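> I am attaching a structure below and will ask some questions about it afterwards.
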Amino acid sequence: MHTAAAETVQPCPECGTEIRTDARFTTWCAACDWNVDPERAEEKRGRLARARRAQARRHGERLLAELSAGGNLSAHRDTSSLLAVALSLVVHALTLAVTAGGVWFLVTGWGGWGMIPGIFLLALAWSLRPRFDGLPKDTPVLRRADAPELFALVDEIARVAGTRGVDAIAVDNRINASVASYGVRGRRLLTLGLPLWEALTPQQRIALLGHEMGHYVNGDTRHGRVVAAAFRSLITWHYYFEPVDHEPLDDTGALTLLLNVLYVLPRLLVRGILTLLDQLTLRATQRAEYLADRVAARTGSTEAALELMDHLLIADSAAVTLRREVNLAALSGPRRTGASADLTDGLWERLAADLASVPDHERDRQRRAGVLRGHSVDDSHPPTHLRHACLLIGEPVPPAVTTDTEREHRITGELAVARARVARQIIRDGY
């Protein structure tokens, strides 16, 4: 674990203001923003990707402006959401048509050549069918009997959010958290990324859980079963129409070239429908994030929700720490199992200490750089600085849910096996 480096003082080369520097982090000036973002995050290439990111930012700004003017962001089905559901039903109707065509060819051509297109269409329809996610198989999954205290905390937060708790909790190595449905009955799954969970204070963890529970009550059309299944079907269609690679001297080169030419129009059509569905659901998805942030503030407090966003801004620091731990384990050598075990045992404590040592001026730099970049978790989220501003509208909210040291210790004990397993996975497989 590295410790906080001694700060030094130097004048800003741009405006001459005295600035404090830390060798671990970027040197910059808070007075004139000199060097505030020396390495811009790589922009996604392609005109469509840039347009989508710009559109997401505009939606986020409009929603924030509506809220600042006293507008209501409550969950509801607007015209775009209804059109998205209608378009999704058309996509599913196409899958049913493919299925019906396969059955017709199979029945009418039974015993003859008609069975070939029948089998092909049925196989295609099977790949396009709506799927129900299952529980993850490569990460620890906890049930109520495994972690009664953690589930009780989630239940308490869910009641404040106006919904019910979850049926299972998965634990993985992401610097994130999420909720999803699994199985035919639509059971609820909460996934906690330990690199984020372990870096948070108890109240920040409550805000995190509040944000995730908020997604079950915020009317996010994109994550509804009908629309989500349509996205999957369209992505599958797009995959089938991808250009086929071939060797230049291959005998089938002419046929491959012909197929690629024939695929152009269907691929463009599918991509256009995907883009349309994405645009129709983008506003509802961003509104859902703002609403989930509101639930985070209501359950954990406005202060804790704001601090949670600051942790997301320094997620890169967590990734750097984990990669360094992996490298240290590799340098210890395969035979020094004791050294590797020691690194695994203290991994989460070192990660939390590293992130706690990030100075305020570096956190401030990340906030300002985030504004310049339009930083967001992904393109479907409003930029983080807009979410931050949204929480500052109105009076700060006190926590509706609190915890104590004993309860935290019990929850830590319930997560002990999962913490050790995920730590071993990180050290063994890299990050």
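The way I read the labels, and the way they are meant: chains A, B, ... in the order of the structure tokens, residue 1 as the first residue of every chain, and ligand 1 as the first ligand shown, with later ones counted on from there.
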Based on DSSP run over this structure's backbone, return all residues of region 140-324 of chain A in helix (DSSP H, G or I), as number ranges by chain.
A: 148-161, 194-197, 202-214, 221-223, 225-240, 253-300, 302-313, 315-324
> Within 12 Å of Asp172 (chain A), counting only C-alpha atoms, which residues show up once you throw out same-chain ones fewer than 3 positions away? Write them as a ChimeraX atom specification, please.
/A:136-142,169,175-178,190-198,415,418-426,431
> Those same residues, written as an mmCIF file, in the first residue's frame with N, CA and C atoms?

data_model
loop_
_atom_site.group_PDB
_atom_site.id
_atom_site.type_symbol
_atom_site.label_atom_id
_atom_site.label_comp_id
_atom_site.auth_asym_id
_atom_site.auth_seq_id
_atom_site.Cartn_x
_atom_site.Cartn_y
_atom_site.Cartn_z
ATOM 1 N N PRO A 136 -25.707 -15.477 -12.077
ATOM 2 C CA PRO A 136 -24.325 -15.618 -12.559
ATOM 3 C C PRO A 136 -23.678 -16.876 -11.987
ATOM 4 N N LYS A 137 -22.850 -17.507 -12.810
ATOM 5 C CA LYS A 137 -22.224 -18.769 -12.391
ATOM 6 C C LYS A 137 -20.780 -18.609 -11.946
ATOM 7 N N ASP A 138 -20.156 -17.483 -12.290
ATOM 8 C CA ASP A 138 -18.734 -17.322 -11.992
ATOM 9 C C ASP A 138 -18.468 -16.359 -10.851
ATOM 10 N N THR A 139 -19.522 -15.954 -10.128
ATOM 11 C CA THR A 139 -19.355 -15.073 -8.980
ATOM 12 C C THR A 139 -20.177 -15.602 -7.815
ATOM 13 N N PRO A 140 -19.796 -15.263 -6.584
ATOM 14 C CA PRO A 140 -20.572 -15.721 -5.428
ATOM 15 C C PRO A 140 -21.980 -15.134 -5.436
ATOM 16 N N VAL A 141 -22.963 -15.955 -5.098
ATOM 17 C CA VAL A 141 -24.357 -15.519 -5.010
ATOM 18 C C VAL A 141 -24.877 -15.864 -3.618
ATOM 19 N N LEU A 142 -25.412 -14.864 -2.933
ATOM 20 C CA LEU A 142 -25.891 -15.045 -1.562
ATOM 21 C C LEU A 142 -27.416 -15.097 -1.554
ATOM 22 N N ILE A 169 -28.296 -11.854 -3.967
ATOM 23 C CA ILE A 169 -27.262 -10.824 -4.057
ATOM 24 C C ILE A 169 -25.993 -11.479 -4.582
ATOM 25 N N ILE A 175 -16.226 -2.142 -10.269
ATOM 26 C CA ILE A 175 -16.317 -0.908 -9.477
ATOM 27 C C ILE A 175 -17.687 -0.314 -9.788
ATOM 28 N N ASN A 176 -18.724 -1.032 -9.363
ATOM 29 C CA ASN A 176 -20.080 -0.655 -9.748
ATOM 30 C C ASN A 176 -21.063 -1.474 -8.926
ATOM 31 N N ALA A 177 -22.328 -1.225 -9.131
ATOM 32 C CA ALA A 177 -23.406 -2.030 -8.564
ATOM 33 C C ALA A 177 -24.562 -1.968 -9.547
ATOM 34 N N SER A 178 -25.449 -2.951 -9.509
ATOM 35 C CA SER A 178 -26.557 -2.975 -10.463
ATOM 36 C C SER A 178 -27.667 -3.863 -9.933
ATOM 37 N N LEU A 190 -29.553 -8.300 -6.993
ATOM 38 C CA LEU A 190 -28.692 -7.151 -6.721
ATOM 39 C C LEU A 190 -27.250 -7.609 -6.850
ATOM 40 N N THR A 191 -26.464 -6.893 -7.637
ATOM 41 C CA THR A 191 -25.046 -7.227 -7.790
ATOM 42 C C THR A 191 -24.208 -6.116 -7.178
ATOM 43 N N LEU A 192 -23.352 -6.499 -6.235
ATOM 44 C CA LEU A 192 -22.469 -5.546 -5.568
ATOM 45 C C LEU A 192 -21.041 -5.767 -6.042
ATOM 46 N N GLY A 193 -20.438 -4.720 -6.568
ATOM 47 C CA GLY A 193 -19.026 -4.782 -6.918
ATOM 48 C C GLY A 193 -18.196 -4.484 -5.680
ATOM 49 N N LEU A 194 -17.425 -5.454 -5.223
ATOM 50 C CA LEU A 194 -16.671 -5.276 -3.980
ATOM 51 C C LEU A 194 -15.674 -4.121 -4.024
ATOM 52 N N PRO A 195 -14.980 -3.856 -5.156
ATOM 53 C CA PRO A 195 -14.062 -2.711 -5.160
ATOM 54 C C PRO A 195 -14.749 -1.382 -4.864
ATOM 55 N N LEU A 196 -16.046 -1.267 -5.167
ATOM 56 C CA LEU A 196 -16.793 -0.065 -4.801
ATOM 57 C C LEU A 196 -17.321 -0.175 -3.383
ATOM 58 N N TRP A 197 -17.937 -1.290 -3.053
ATOM 59 C CA TRP A 197 -18.544 -1.493 -1.733
ATOM 60 C C TRP A 197 -17.523 -1.312 -0.617
ATOM 61 N N GLU A 198 -16.345 -1.885 -0.777
ATOM 62 C CA GLU A 198 -15.339 -1.843 0.282
ATOM 63 C C GLU A 198 -14.752 -0.453 0.487
ATOM 64 N N LEU A 415 -20.258 -11.434 4.416
ATOM 65 C CA LEU A 415 -19.597 -11.307 3.119
ATOM 66 C C LEU A 415 -18.187 -11.891 3.116
ATOM 67 N N ALA A 418 -17.344 -14.476 0.357
ATOM 68 C CA ALA A 418 -17.369 -13.828 -0.961
ATOM 69 C C ALA A 418 -16.199 -12.872 -1.120
ATOM 70 N N ARG A 419 -15.846 -12.131 -0.068
ATOM 71 C CA ARG A 419 -14.713 -11.203 -0.129
ATOM 72 C C ARG A 419 -13.424 -11.964 -0.444
ATOM 73 N N ALA A 420 -13.229 -13.089 0.228
ATOM 74 C CA ALA A 420 -12.014 -13.877 -0.008
ATOM 75 C C ALA A 420 -12.002 -14.462 -1.411
ATOM 76 N N ARG A 421 -13.144 -14.948 -1.872
ATOM 77 C CA ARG A 421 -13.194 -15.570 -3.198
ATOM 78 C C ARG A 421 -12.932 -14.549 -4.303
ATOM 79 N N VAL A 422 -13.559 -13.380 -4.207
ATOM 80 C CA VAL A 422 -13.349 -12.357 -5.234
ATOM 81 C C VAL A 422 -11.913 -11.844 -5.190
ATOM 82 N N ALA A 423 -11.349 -11.692 -4.000
ATOM 83 C CA ALA A 423 -9.953 -11.261 -3.888
ATOM 84 C C ALA A 423 -9.023 -12.266 -4.561
ATOM 85 N N ARG A 424 -9.281 -13.563 -4.336
ATOM 86 C CA ARG A 424 -8.452 -14.595 -4.986
ATOM 87 C C ARG A 424 -8.594 -14.531 -6.501
ATOM 88 N N GLN A 425 -9.809 -14.297 -6.990
ATOM 89 C CA GLN A 425 -10.033 -14.199 -8.433
ATOM 90 C C GLN A 425 -9.241 -13.038 -9.020
ATOM 91 N N ILE A 426 -9.237 -11.907 -8.341
ATOM 92 C CA ILE A 426 -8.509 -10.744 -8.836
ATOM 93 C C ILE A 426 -7.007 -11.013 -8.875
ATOM 94 N N TYR A 431 -6.640 -7.910 -13.296
ATOM 95 C CA TYR A 431 -7.732 -6.948 -13.257
ATOM 96 C C TYR A 431 -7.543 -5.988 -14.421
#
> Find the residues near region 296-312 of chain A: any atom within 7 Å, counting only C-alpha atoms, skip ones fewer than 6 places away on the same chain, and give them as a list in words.
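Counting only C-alpha atoms, the residues come to Ile157, Val160, Gln203, Gln204, Ile206, Ala207, Leu208, Gly210, His211, His388, Leu391, Pro396, Val397, Pro398, Pro399, Ala400 and Val401 of chain A.
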> Please dump the current selection as a PDB file, in the first residue's frame; keep N, CA, C and O atoms.

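Done, and the output landed in part-v2.pdb:
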ATOM      1  N   ILE A 157     -34.204  -0.560   3.264  1.00  0.00           N
ATOM      2  CA  ILE A 157     -34.007   0.486   2.260  1.00  0.00           C
ATOM      3  C   ILE A 157     -35.087   0.400   1.188  1.00  0.00           C
ATOM      4  O   ILE A 157     -35.606   1.423   0.722  1.00  0.00           O
ATOM      5  N   VAL A 160     -38.319   2.069   2.227  1.00  0.00           N
ATOM      6  CA  VAL A 160     -38.247   3.529   2.106  1.00  0.00           C
ATOM      7  C   VAL A 160     -38.403   3.942   0.642  1.00  0.00           C
ATOM      8  O   VAL A 160     -39.049   4.950   0.332  1.00  0.00           O
ATOM      9  N   GLN A 203     -22.760   4.800   5.570  1.00  0.00           N
ATOM     10  CA  GLN A 203     -23.855   5.625   5.070  1.00  0.00           C
ATOM     11  C   GLN A 203     -23.826   5.730   3.551  1.00  0.00           C
ATOM     12  O   GLN A 203     -24.877   5.787   2.900  1.00  0.00           O
ATOM     13  N   GLN A 204     -22.638   5.755   2.973  1.00  0.00           N
ATOM     14  CA  GLN A 204     -22.523   5.761   1.508  1.00  0.00           C
ATOM     15  C   GLN A 204     -23.026   4.447   0.923  1.00  0.00           C
ATOM     16  O   GLN A 204     -23.608   4.423  -0.164  1.00  0.00           O
ATOM     17  N   ILE A 206     -25.449   2.685   2.168  1.00  0.00           N
ATOM     18  CA  ILE A 206     -26.908   2.788   2.200  1.00  0.00           C
ATOM     19  C   ILE A 206     -27.399   3.598   1.012  1.00  0.00           C
ATOM     20  O   ILE A 206     -28.400   3.255   0.363  1.00  0.00           O
ATOM     21  N   ALA A 207     -26.685   4.695   0.692  1.00  0.00           N
ATOM     22  CA  ALA A 207     -27.053   5.496  -0.478  1.00  0.00           C
ATOM     23  C   ALA A 207     -26.927   4.671  -1.754  1.00  0.00           C
ATOM     24  O   ALA A 207     -27.775   4.769  -2.654  1.00  0.00           O
ATOM     25  N   LEU A 208     -25.883   3.867  -1.848  1.00  0.00           N
ATOM     26  CA  LEU A 208     -25.703   2.999  -3.017  1.00  0.00           C
ATOM     27  C   LEU A 208     -26.863   2.017  -3.151  1.00  0.00           C
ATOM     28  O   LEU A 208     -27.445   1.861  -4.237  1.00  0.00           O
ATOM     29  N   GLY A 210     -29.796   2.353  -1.874  1.00  0.00           N
ATOM     30  CA  GLY A 210     -30.995   3.129  -2.174  1.00  0.00           C
ATOM     31  C   GLY A 210     -31.095   3.452  -3.651  1.00  0.00           C
ATOM     32  O   GLY A 210     -32.183   3.379  -4.243  1.00  0.00           O
ATOM     33  N   HIS A 211     -29.968   3.816  -4.266  1.00  0.00           N
ATOM     34  CA  HIS A 211     -29.970   4.097  -5.702  1.00  0.00           C
ATOM     35  C   HIS A 211     -30.403   2.868  -6.492  1.00  0.00           C
ATOM     36  O   HIS A 211     -31.226   2.972  -7.414  1.00  0.00           O
ATOM     37  N   HIS A 388     -24.964  15.444  -9.864  1.00  0.00           N
ATOM     38  CA  HIS A 388     -24.510  16.129  -8.650  1.00  0.00           C
ATOM     39  C   HIS A 388     -25.336  17.399  -8.434  1.00  0.00           C
ATOM     40  O   HIS A 388     -25.828  17.661  -7.319  1.00  0.00           O
ATOM     41  N   LEU A 391     -28.973  16.835  -7.186  1.00  0.00           N
ATOM     42  CA  LEU A 391     -29.127  16.549  -5.765  1.00  0.00           C
ATOM     43  C   LEU A 391     -29.020  17.804  -4.906  1.00  0.00           C
ATOM     44  O   LEU A 391     -29.487  17.816  -3.759  1.00  0.00           O
ATOM     45  N   PRO A 396     -31.052  19.939   1.750  1.00  0.00           N
ATOM     46  CA  PRO A 396     -30.445  18.616   1.944  1.00  0.00           C
ATOM     47  C   PRO A 396     -31.382  17.693   2.719  1.00  0.00           C
ATOM     48  O   PRO A 396     -32.117  18.128   3.606  1.00  0.00           O
ATOM     49  N   VAL A 397     -31.359  16.418   2.369  1.00  0.00           N
ATOM     50  CA  VAL A 397     -32.251  15.436   2.978  1.00  0.00           C
ATOM     51  C   VAL A 397     -31.473  14.612   4.002  1.00  0.00           C
ATOM     52  O   VAL A 397     -30.393  14.096   3.692  1.00  0.00           O
ATOM     53  N   PRO A 398     -31.999  14.454   5.222  1.00  0.00           N
ATOM     54  CA  PRO A 398     -31.329  13.606   6.214  1.00  0.00           C
ATOM     55  C   PRO A 398     -31.555  12.135   5.897  1.00  0.00           C
ATOM     56  O   PRO A 398     -32.466  11.789   5.132  1.00  0.00           O
ATOM     57  N   PRO A 399     -30.760  11.231   6.473  1.00  0.00           N
ATOM     58  CA  PRO A 399     -30.921   9.806   6.170  1.00  0.00           C
ATOM     59  C   PRO A 399     -32.190   9.224   6.787  1.00  0.00           C
ATOM     60  O   PRO A 399     -32.537   9.535   7.926  1.00  0.00           O
ATOM     61  N   ALA A 400     -32.882   8.397   6.019  1.00  0.00           N
ATOM     62  CA  ALA A 400     -34.037   7.673   6.543  1.00  0.00           C
ATOM     63  C   ALA A 400     -33.616   6.317   7.104  1.00  0.00           C
ATOM     64  O   ALA A 400     -34.351   5.700   7.871  1.00  0.00           O
ATOM     65  N   VAL A 401     -32.434   5.844   6.679  1.00  0.00           N
ATOM     66  CA  VAL A 401     -31.916   4.557   7.140  1.00  0.00           C
ATOM     67  C   VAL A 401     -30.512   4.778   7.659  1.00  0.00           C
ATOM     68  O   VAL A 401     -29.686   5.433   7.006  1.00  0.00           O
TER      69      VAL A 401
END
> Given the choices A:Val358, A:Leu94, A:Leu347, A:Cys390, which gets closest to Ala329 (chain A) if the distance is worked out from only C-alpha atoms?
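Closest to Ala329 (chain A), using only C-alpha atoms: A:Leu347.
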> Quick one, how far is CA of Arg144 (chain A) from CA of Gly346 (chain A)?
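Between CA of Arg144 (chain A) and CA of Gly346 (chain A) the gap works out to 26.8 Å.
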> Which residue, A:Leu351, A:Arg271, A:Leu291, A:Leu259, has the smallest gap to Tyr216 (chain A) when you use only C-alpha atoms?
A:Leu291
